[in-house]
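Raw input25.cif, mmCIF, C-alpha atoms and all ligand atoms:
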```cif
data_upload
loop_
_atom_site.label_atom_id
_atom_site.label_comp_id
_atom_site.auth_asym_id
_atom_site.auth_seq_id
_atom_site.Cartn_x
_atom_site.Cartn_y
_atom_site.Cartn_z
CA MET T 247 -11.30 -20.63 79.84
CA SER T 248 -12.07 -23.97 81.52
CA ASP T 249 -9.88 -27.00 80.82
CA HIS T 250 -12.88 -28.69 79.27
CA ARG T 251 -13.40 -25.86 76.74
CA LYS T 252 -9.67 -25.76 76.01
CA ASP T 253 -9.75 -29.50 75.25
CA ASP T 254 -12.76 -29.05 72.95
CA ARG T 255 -11.03 -26.24 71.10
CA ALA T 256 -7.80 -28.19 70.71
CA LYS T 257 -9.77 -31.20 69.50
CA ARG T 258 -11.58 -29.12 66.90
CA LEU T 259 -8.33 -27.59 65.62
CA ALA T 260 -6.83 -31.08 65.35
CA GLN T 261 -9.92 -32.26 63.44
CA ILE T 262 -9.55 -29.36 61.03
CA ARG T 263 -5.88 -30.21 60.42
CA GLU T 264 -6.77 -33.82 59.82
CA ALA T 265 -9.65 -33.01 57.44
CA LEU T 266 -7.43 -30.56 55.60
CA GLY T 267 -4.80 -33.20 54.85
CA SER T 268 -2.24 -31.64 52.53
CA ARG T 269 -4.57 -28.86 51.32
CA SER T 270 -3.79 -25.23 52.05
CA ILE T 271 -6.11 -22.61 53.45
CA VAL T 272 -5.92 -19.84 50.88
CA LEU T 273 -6.93 -16.28 51.72
CA ILE T 274 -8.20 -14.17 48.86
CA GLY T 275 -9.69 -10.68 48.62
CA LEU T 276 -8.85 -7.09 47.83
CA MET T 277 -5.89 -5.05 48.98
CA GLY T 278 -6.55 -4.02 52.56
CA ALA T 279 -8.89 -6.92 53.32
CA GLY T 280 -6.47 -8.15 56.00
CA LYS T 281 -5.26 -11.35 54.31
CA THR T 282 -1.77 -11.20 55.77
CA ALA T 283 -2.76 -10.12 59.29
CA VAL T 284 -5.60 -12.63 59.53
CA GLY T 285 -3.63 -15.36 57.75
CA ARG T 286 -0.72 -15.09 60.15
CA ARG T 287 -3.00 -15.43 63.19
CA LEU T 288 -5.06 -18.20 61.61
CA ALA T 289 -1.90 -20.19 60.90
CA SER T 290 -0.73 -19.75 64.46
CA ARG T 291 -4.09 -20.95 65.86
CA LEU T 292 -4.06 -23.97 63.55
CA ASP T 293 -0.37 -24.59 64.18
CA LEU T 294 0.34 -24.50 60.45
CA PRO T 295 3.04 -22.63 58.53
CA PHE T 296 2.06 -19.20 57.15
CA LEU T 297 3.18 -18.02 53.74
CA ASP T 298 2.51 -14.75 52.00
CA ALA T 299 2.55 -15.15 48.21
CA ASP T 300 3.62 -11.53 47.62
CA ASN T 301 6.66 -12.04 49.88
CA GLU T 302 7.56 -15.24 48.07
CA ILE T 303 7.29 -13.47 44.70
CA GLU T 304 9.61 -10.75 45.97
CA LYS T 305 12.06 -13.36 47.24
CA ALA T 306 12.03 -15.25 43.93
CA ALA T 307 12.51 -12.02 41.93
CA GLY T 308 14.97 -10.38 44.31
CA GLU T 309 12.91 -7.17 43.92
CA SER T 310 9.93 -5.55 45.60
CA ILE T 311 6.51 -5.72 43.92
CA LYS T 312 6.70 -2.00 43.33
CA GLU T 313 10.01 -2.51 41.47
CA ILE T 314 8.68 -5.49 39.49
CA PHE T 315 5.70 -3.43 38.28
CA ALA T 316 7.91 -0.42 37.46
CA GLU T 317 10.66 -2.33 35.67
CA HIS T 318 8.79 -5.18 33.97
CA GLY T 319 5.10 -4.28 34.04
CA GLU T 320 2.00 -5.90 35.46
CA ALA T 321 1.77 -8.77 32.92
CA TYR T 322 5.24 -9.96 33.95
CA PHE T 323 4.26 -9.77 37.63
CA ARG T 324 1.09 -11.79 36.96
CA LYS T 325 3.08 -14.57 35.25
CA GLY T 326 5.44 -14.79 38.20
CA GLU T 327 2.53 -14.68 40.62
CA GLN T 328 0.83 -17.64 38.90
CA LYS T 329 4.05 -19.67 38.95
CA VAL T 330 4.91 -18.93 42.56
CA ILE T 331 1.39 -19.72 43.84
CA ALA T 332 1.30 -23.00 41.87
CA ARG T 333 4.60 -23.95 43.50
CA LEU T 334 3.51 -22.94 46.99
CA LEU T 335 0.27 -24.92 46.72
CA GLU T 336 2.32 -28.09 46.27
CA SER T 337 3.66 -27.79 49.79
CA GLY T 338 0.52 -27.78 51.95
CA PRO T 339 -0.84 -27.91 54.52
CA GLN T 340 -0.30 -24.25 55.28
CA VAL T 341 -2.13 -20.95 55.38
CA LEU T 342 -1.41 -18.98 52.24
CA ALA T 343 -2.25 -15.29 51.81
CA THR T 344 -2.45 -14.27 48.15
CA GLY T 345 -2.20 -10.84 46.53
CA GLY T 346 -5.53 -9.24 45.58
CA GLY T 347 -5.26 -10.04 41.86
CA ALA T 348 -4.13 -13.66 42.14
CA TYR T 349 -7.58 -15.24 42.25
CA MET T 350 -8.57 -13.44 39.03
CA ASN T 351 -6.27 -15.80 37.11
CA PRO T 352 -8.34 -18.84 36.03
CA GLU T 353 -5.36 -21.23 36.31
CA THR T 354 -4.63 -20.03 39.82
CA ARG T 355 -8.32 -20.43 40.72
CA ASP T 356 -8.25 -24.03 39.43
CA ALA T 357 -5.05 -24.77 41.37
CA ILE T 358 -6.58 -23.34 44.55
CA LYS T 359 -9.74 -25.39 44.02
CA ALA T 360 -7.68 -28.56 43.60
CA LEU T 361 -5.18 -28.02 46.39
CA GLY T 362 -6.82 -25.64 48.83
CA VAL T 363 -9.80 -24.37 50.75
CA SER T 364 -10.40 -20.75 49.78
CA ILE T 365 -11.56 -17.97 52.07
CA TRP T 366 -12.68 -14.61 50.70
CA LEU T 367 -12.03 -11.89 53.25
CA LYS T 368 -14.75 -9.47 52.23
CA ALA T 369 -14.55 -5.85 53.34
CA ASN T 370 -16.45 -2.72 52.34
CA LEU T 371 -14.91 0.23 50.53
CA ARG T 372 -14.53 2.37 53.64
CA VAL T 373 -12.62 -0.34 55.53
CA LEU T 374 -10.41 -1.14 52.54
CA MET T 375 -9.52 2.50 51.92
CA LYS T 376 -8.78 3.16 55.56
CA ARG T 377 -6.36 0.22 55.64
CA VAL T 378 -4.57 0.81 52.33
CA GLN T 379 -4.01 4.49 53.13
CA ARG T 380 -1.60 3.47 55.88
CA ARG T 381 1.08 2.40 53.36
CA ASP T 382 2.09 3.30 49.81
CA HIS T 383 3.71 0.12 48.51
CA ARG T 384 0.83 -0.90 46.21
CA PRO T 385 1.49 0.05 42.57
CA LEU T 386 -2.15 -0.27 41.47
CA LEU T 387 -3.16 2.40 43.97
CA ALA T 388 -0.35 4.80 43.11
CA THR T 389 -2.71 7.05 41.15
CA GLY T 390 -4.44 10.37 41.77
CA ASP T 391 -7.69 8.65 42.76
CA PRO T 392 -7.03 5.37 44.58
CA GLU T 393 -10.65 5.19 45.73
CA ALA T 394 -11.89 5.15 42.12
CA VAL T 395 -9.42 2.31 41.39
CA MET T 396 -10.61 0.38 44.42
CA LYS T 397 -14.27 0.81 43.39
CA LYS T 398 -13.47 -0.47 39.91
CA LEU T 399 -11.56 -3.45 41.32
CA MET T 400 -14.45 -4.26 43.66
CA ALA T 401 -16.90 -4.24 40.76
CA GLU T 402 -14.64 -6.52 38.67
CA ARG T 403 -13.40 -8.84 41.35
CA ASP T 404 -16.09 -9.28 43.97
CA PRO T 405 -18.25 -11.52 41.72
CA VAL T 406 -15.19 -13.75 41.15
CA TYR T 407 -14.09 -13.78 44.81
CA ALA T 408 -17.66 -14.85 45.60
CA GLY T 409 -16.80 -18.28 44.15
CA ALA T 410 -14.55 -19.01 47.16
CA ASP T 411 -15.44 -21.95 49.39
CA ILE T 412 -15.93 -19.64 52.36
CA THR T 413 -16.71 -15.94 52.77
CA VAL T 414 -15.76 -14.13 55.97
CA GLU T 415 -16.69 -10.50 56.58
CA SER T 416 -13.55 -8.52 57.39
CA ARG T 417 -14.93 -5.83 59.69
CA GLU T 418 -13.36 -3.29 61.98
CA VAL T 419 -13.07 -5.65 64.91
CA PRO T 420 -9.91 -7.19 66.39
CA HIS T 421 -8.27 -9.62 63.96
CA ASP T 422 -8.81 -12.45 66.43
CA VAL T 423 -12.58 -12.09 66.02
CA ILE T 424 -12.21 -12.56 62.27
CA VAL T 425 -9.89 -15.52 62.88
CA GLY T 426 -12.54 -17.10 65.14
CA ALA T 427 -15.19 -16.67 62.44
CA ALA T 428 -12.81 -18.16 59.87
CA ILE T 429 -12.11 -21.18 62.06
CA ASP T 430 -15.84 -21.79 62.62
CA ALA T 431 -16.43 -21.56 58.88
CA ILE T 432 -13.52 -23.86 58.00
CA ALA T 433 -14.81 -26.42 60.51
CA ALA T 434 -18.30 -26.21 58.97
CA GLN T 435 -16.92 -26.47 55.44
CA LEU T 436 -14.81 -29.51 56.32
CA GLY T 437 -17.56 -31.08 58.45
CA CYS T 438 -15.65 -30.90 61.77
CA GLY T 439 -17.15 -29.88 65.11
CA ASN T 440 -20.69 -28.60 65.36
CA ARG T 441 -20.53 -24.83 65.63
CA SER T 442 -22.38 -22.81 63.05
CA GLY T 443 -19.76 -20.66 61.40
CA ARG T 444 -21.13 -17.37 62.69
CA GLY T 445 -20.27 -14.31 60.65
CA ALA T 446 -19.35 -16.41 57.67
CA SER T 447 -20.98 -18.28 54.87
CA THR T 448 -19.59 -21.48 53.48
CA ALA T 449 -20.32 -23.37 50.30
CA ALA T 450 -21.35 -26.33 52.49
CA ASN T 451 -23.74 -24.23 54.63
CA ASP T 452 -25.19 -22.52 51.59
CA LYS T 453 -25.88 -25.89 49.97
CA ARG T 454 -27.61 -27.12 53.13
CA ALA T 455 -29.76 -23.96 53.29
CA ARG T 456 -30.95 -24.34 49.69
C1 LIG Y 501 -2.49 -6.53 43.93
C2 LIG Y 501 -2.44 -6.71 45.30
C3 LIG Y 501 -1.20 -6.70 46.06
C4 LIG Y 501 -0.02 -7.13 45.18
C5 LIG Y 501 0.03 -6.31 43.96
C6 LIG Y 501 -1.25 -6.37 43.12
C7 LIG Y 501 -3.80 -6.55 43.25
O1 LIG Y 501 -1.30 -7.59 47.18
O2 LIG Y 501 -0.11 -8.48 44.83
O3 LIG Y 501 0.29 -4.97 44.34
O4 LIG Y 501 -3.85 -6.75 42.03
O5 LIG Y 501 -4.84 -6.40 43.95
P1 LIG Y 501 -2.22 -7.29 48.48
O6 LIG Y 501 -3.63 -7.66 48.12
O7 LIG Y 501 -1.64 -8.20 49.50
O8 LIG Y 501 -2.06 -5.85 48.81
#
```

Since I need it in another form, could you write the structure as structure tokens?
Amino acid sequence: MSDHRKDDRAKRLAQIREALGSRSIVLIGLMGAGKTAVGRRLASRLDLPFLDADNEIEKAAGESIKEIFAEHGEAYFRKGEQKVIARLLESGPQVLATGGGAYMNPETRDAIKALGVSIWLKANLRVLMKRVQRRDHRPLLATGDPEAVMKKLMAERDPVYAGADITVESREVPHDVIVGAAIDAIAAQLGCGNRSGRGASTAANDKRAR
């Protein structure tokens, strides 16, 4: 890449950080959407800290999510999840990956709206199933028919995830491609730089198109 393009890129990333202020970039979406993998790379590109809400919940509880679900139940996990995310959002700017159910909580949605810029990583059923099959740490999918559960969750959650500030398609391409699309979309949403936000839709772009 030429020095000139490198300068432009660095300038745009600095503009994003400035426009973000103390807000966090919050990744939402279903299990297997790639929130952690994309979030980690996005944070590194933006030179911001990366936090994974599920990890922080596990740290606070001193137990794995699987153990929390088994010993205390889902309702208890959801309470802890709400509390931990509210706390984490107070310490932006950062990139924050949330667990798939977090955004379904209205209080968490309000907190994200107030203190963050949300990105829905949207993937189709085939991609999600392929990714979640690699590991077995997700209690909600520990059933005889994880695909039926995933379909049900998609039907319930996708309309809510659609309220995010930005939607980025999480396809089977290298994570860096998704990160590039996310950066374009964040820049468009925050009014920095002049690239279009290819592969993504943003609340700001959608408003302009209407
Ligand atoms: C959940 C998703 C998980 C984790 C928990 C519940 C959900 O996180 O928070 O198992 O309700 O979708 P990931 O989306 O990071 O797998």

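Coordinates place atom C6 of ligand LIG 501 (chain Y) at a distance of 13.6 Å from CA of Ile331 (chain T).
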
Could you give me, as a ChimeraX atom specification, every polymer residue with an atom at most 9 Å away from an atom of ligand LIG 501 (chain Y), counting only C-alpha atoms and all ligand atoms? /T:274-282,298-300,303,311-312,315,320,323-324,327,343-348,350,378,383-387,396,399

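Closest approach to Ser416 (chain T) among T:Ala316, T:Leu374, T:Ala256, T:Leu294: T:Leu374, based on all atoms listed in the file.
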
With only C-alpha atoms as the atoms that count, which of T:Glu309, T:Ala357, T:Arg377, T:Lys368 lies nearest to Pro405 (chain T)?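 Once distances to Pro405 (chain T) are computed over only C-alpha atoms, the minimum belongs to T:Lys368.
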
Separation of CA of Met400 (chain T) from CA of Trp366 (chain T), in Å and rounded to one decimal: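 If I compute the distance from CA of Met400 (chain T) to CA of Trp366 (chain T), I get 12.6 Å.
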
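Between CA of Gln379 (chain T) and CA of Arg355 (chain T) the separation is 28.2 Å.
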
Generate the missing atoms of region 408-431 of chain T up to N, CA and C atoms and report them as a PDB file, in the coordinates of the input.
```pdb
ATOM      1  N   ALA T 408     -16.469 -14.214  45.009  1.00  0.00           N
ATOM      2  CA  ALA T 408     -17.660 -14.850  45.600  1.00  0.00           C
ATOM      3  C   ALA T 408     -17.696 -16.360  45.336  1.00  0.00           C
ATOM      4  N   GLY T 409     -16.866 -16.834  44.421  1.00  0.00           N
ATOM      5  CA  GLY T 409     -16.800 -18.280  44.150  1.00  0.00           C
ATOM      6  C   GLY T 409     -15.952 -19.031  45.160  1.00  0.00           C
ATOM      7  N   ALA T 410     -15.386 -18.332  46.139  1.00  0.00           N
ATOM      8  CA  ALA T 410     -14.550 -19.010  47.160  1.00  0.00           C
ATOM      9  C   ALA T 410     -15.389 -20.000  47.969  1.00  0.00           C
ATOM     10  N   ASP T 411     -14.729 -20.956  48.563  1.00  0.00           N
ATOM     11  CA  ASP T 411     -15.440 -21.950  49.390  1.00  0.00           C
ATOM     12  C   ASP T 411     -16.123 -21.284  50.581  1.00  0.00           C
ATOM     13  N   ILE T 412     -15.462 -20.270  51.128  1.00  0.00           N
ATOM     14  CA  ILE T 412     -15.930 -19.640  52.360  1.00  0.00           C
ATOM     15  C   ILE T 412     -15.832 -18.123  52.191  1.00  0.00           C
ATOM     16  N   THR T 413     -16.811 -17.401  52.736  1.00  0.00           N
ATOM     17  CA  THR T 413     -16.710 -15.940  52.770  1.00  0.00           C
ATOM     18  C   THR T 413     -16.747 -15.491  54.231  1.00  0.00           C
ATOM     19  N   VAL T 414     -15.782 -14.666  54.611  1.00  0.00           N
ATOM     20  CA  VAL T 414     -15.760 -14.130  55.970  1.00  0.00           C
ATOM     21  C   VAL T 414     -15.749 -12.602  55.865  1.00  0.00           C
ATOM     22  N   GLU T 415     -16.650 -11.962  56.583  1.00  0.00           N
ATOM     23  CA  GLU T 415     -16.690 -10.500  56.580  1.00  0.00           C
ATOM     24  C   GLU T 415     -15.492  -9.973  57.358  1.00  0.00           C
ATOM     25  N   SER T 416     -14.692  -9.126  56.711  1.00  0.00           N
ATOM     26  CA  SER T 416     -13.550  -8.520  57.390  1.00  0.00           C
ATOM     27  C   SER T 416     -13.982  -7.145  57.875  1.00  0.00           C
ATOM     28  N   ARG T 417     -14.382  -7.078  59.134  1.00  0.00           N
ATOM     29  CA  ARG T 417     -14.930  -5.830  59.690  1.00  0.00           C
ATOM     30  C   ARG T 417     -13.892  -5.153  60.571  1.00  0.00           C
ATOM     31  N   GLU T 418     -14.286  -4.001  61.097  1.00  0.00           N
ATOM     32  CA  GLU T 418     -13.360  -3.290  61.980  1.00  0.00           C
ATOM     33  C   GLU T 418     -13.487  -3.810  63.407  1.00  0.00           C
ATOM     34  N   VAL T 419     -13.096  -5.032  63.587  1.00  0.00           N
ATOM     35  CA  VAL T 419     -13.070  -5.650  64.910  1.00  0.00           C
ATOM     36  C   VAL T 419     -11.673  -6.254  65.054  1.00  0.00           C
ATOM     37  N   PRO T 420     -11.252  -6.625  66.266  1.00  0.00           N
ATOM     38  CA  PRO T 420      -9.910  -7.190  66.390  1.00  0.00           C
ATOM     39  C   PRO T 420      -9.736  -8.405  65.455  1.00  0.00           C
ATOM     40  N   HIS T 421      -8.530  -8.536  64.913  1.00  0.00           N
ATOM     41  CA  HIS T 421      -8.270  -9.620  63.960  1.00  0.00           C
ATOM     42  C   HIS T 421      -8.668 -10.987  64.528  1.00  0.00           C
ATOM     43  N   ASP T 422      -8.506 -11.145  65.841  1.00  0.00           N
ATOM     44  CA  ASP T 422      -8.810 -12.450  66.430  1.00  0.00           C
ATOM     45  C   ASP T 422     -10.289 -12.830  66.286  1.00  0.00           C
ATOM     46  N   VAL T 423     -11.145 -11.820  66.221  1.00  0.00           N
ATOM     47  CA  VAL T 423     -12.580 -12.090  66.020  1.00  0.00           C
ATOM     48  C   VAL T 423     -12.792 -12.666  64.619  1.00  0.00           C
ATOM     49  N   ILE T 424     -12.116 -12.081  63.655  1.00  0.00           N
ATOM     50  CA  ILE T 424     -12.210 -12.560  62.270  1.00  0.00           C
ATOM     51  C   ILE T 424     -11.637 -13.979  62.184  1.00  0.00           C
ATOM     52  N   VAL T 425     -10.525 -14.192  62.885  1.00  0.00           N
ATOM     53  CA  VAL T 425      -9.890 -15.520  62.880  1.00  0.00           C
ATOM     54  C   VAL T 425     -10.866 -16.558  63.461  1.00  0.00           C
ATOM     55  N   GLY T 426     -11.558 -16.187  64.535  1.00  0.00           N
ATOM     56  CA  GLY T 426     -12.540 -17.100  65.140  1.00  0.00           C
ATOM     57  C   GLY T 426     -13.634 -17.443  64.149  1.00  0.00           C
ATOM     58  N   ALA T 427     -14.132 -16.429  63.432  1.00  0.00           N
ATOM     59  CA  ALA T 427     -15.190 -16.670  62.440  1.00  0.00           C
ATOM     60  C   ALA T 427     -14.658 -17.569  61.323  1.00  0.00           C
ATOM     61  N   ALA T 428     -13.404 -17.344  60.938  1.00  0.00           N
ATOM     62  CA  ALA T 428     -12.810 -18.160  59.870  1.00  0.00           C
ATOM     63  C   ALA T 428     -12.681 -19.618  60.322  1.00  0.00           C
ATOM     64  N   ILE T 429     -12.276 -19.810  61.563  1.00  0.00           N
ATOM     65  CA  ILE T 429     -12.110 -21.180  62.060  1.00  0.00           C
ATOM     66  C   ILE T 429     -13.466 -21.897  62.115  1.00  0.00           C
ATOM     67  N   ASP T 430     -14.490 -21.196  62.600  1.00  0.00           N
ATOM     68  CA  ASP T 430     -15.840 -21.790  62.620  1.00  0.00           C
ATOM     69  C   ASP T 430     -16.256 -22.197  61.201  1.00  0.00           C
ATOM     70  N   ALA T 431     -15.997 -21.297  60.255  1.00  0.00           N
ATOM     71  CA  ALA T 431     -16.430 -21.560  58.880  1.00  0.00           C
ATOM     72  C   ALA T 431     -15.634 -22.699  58.242  1.00  0.00           C
TER      73      ALA T 431
END
```
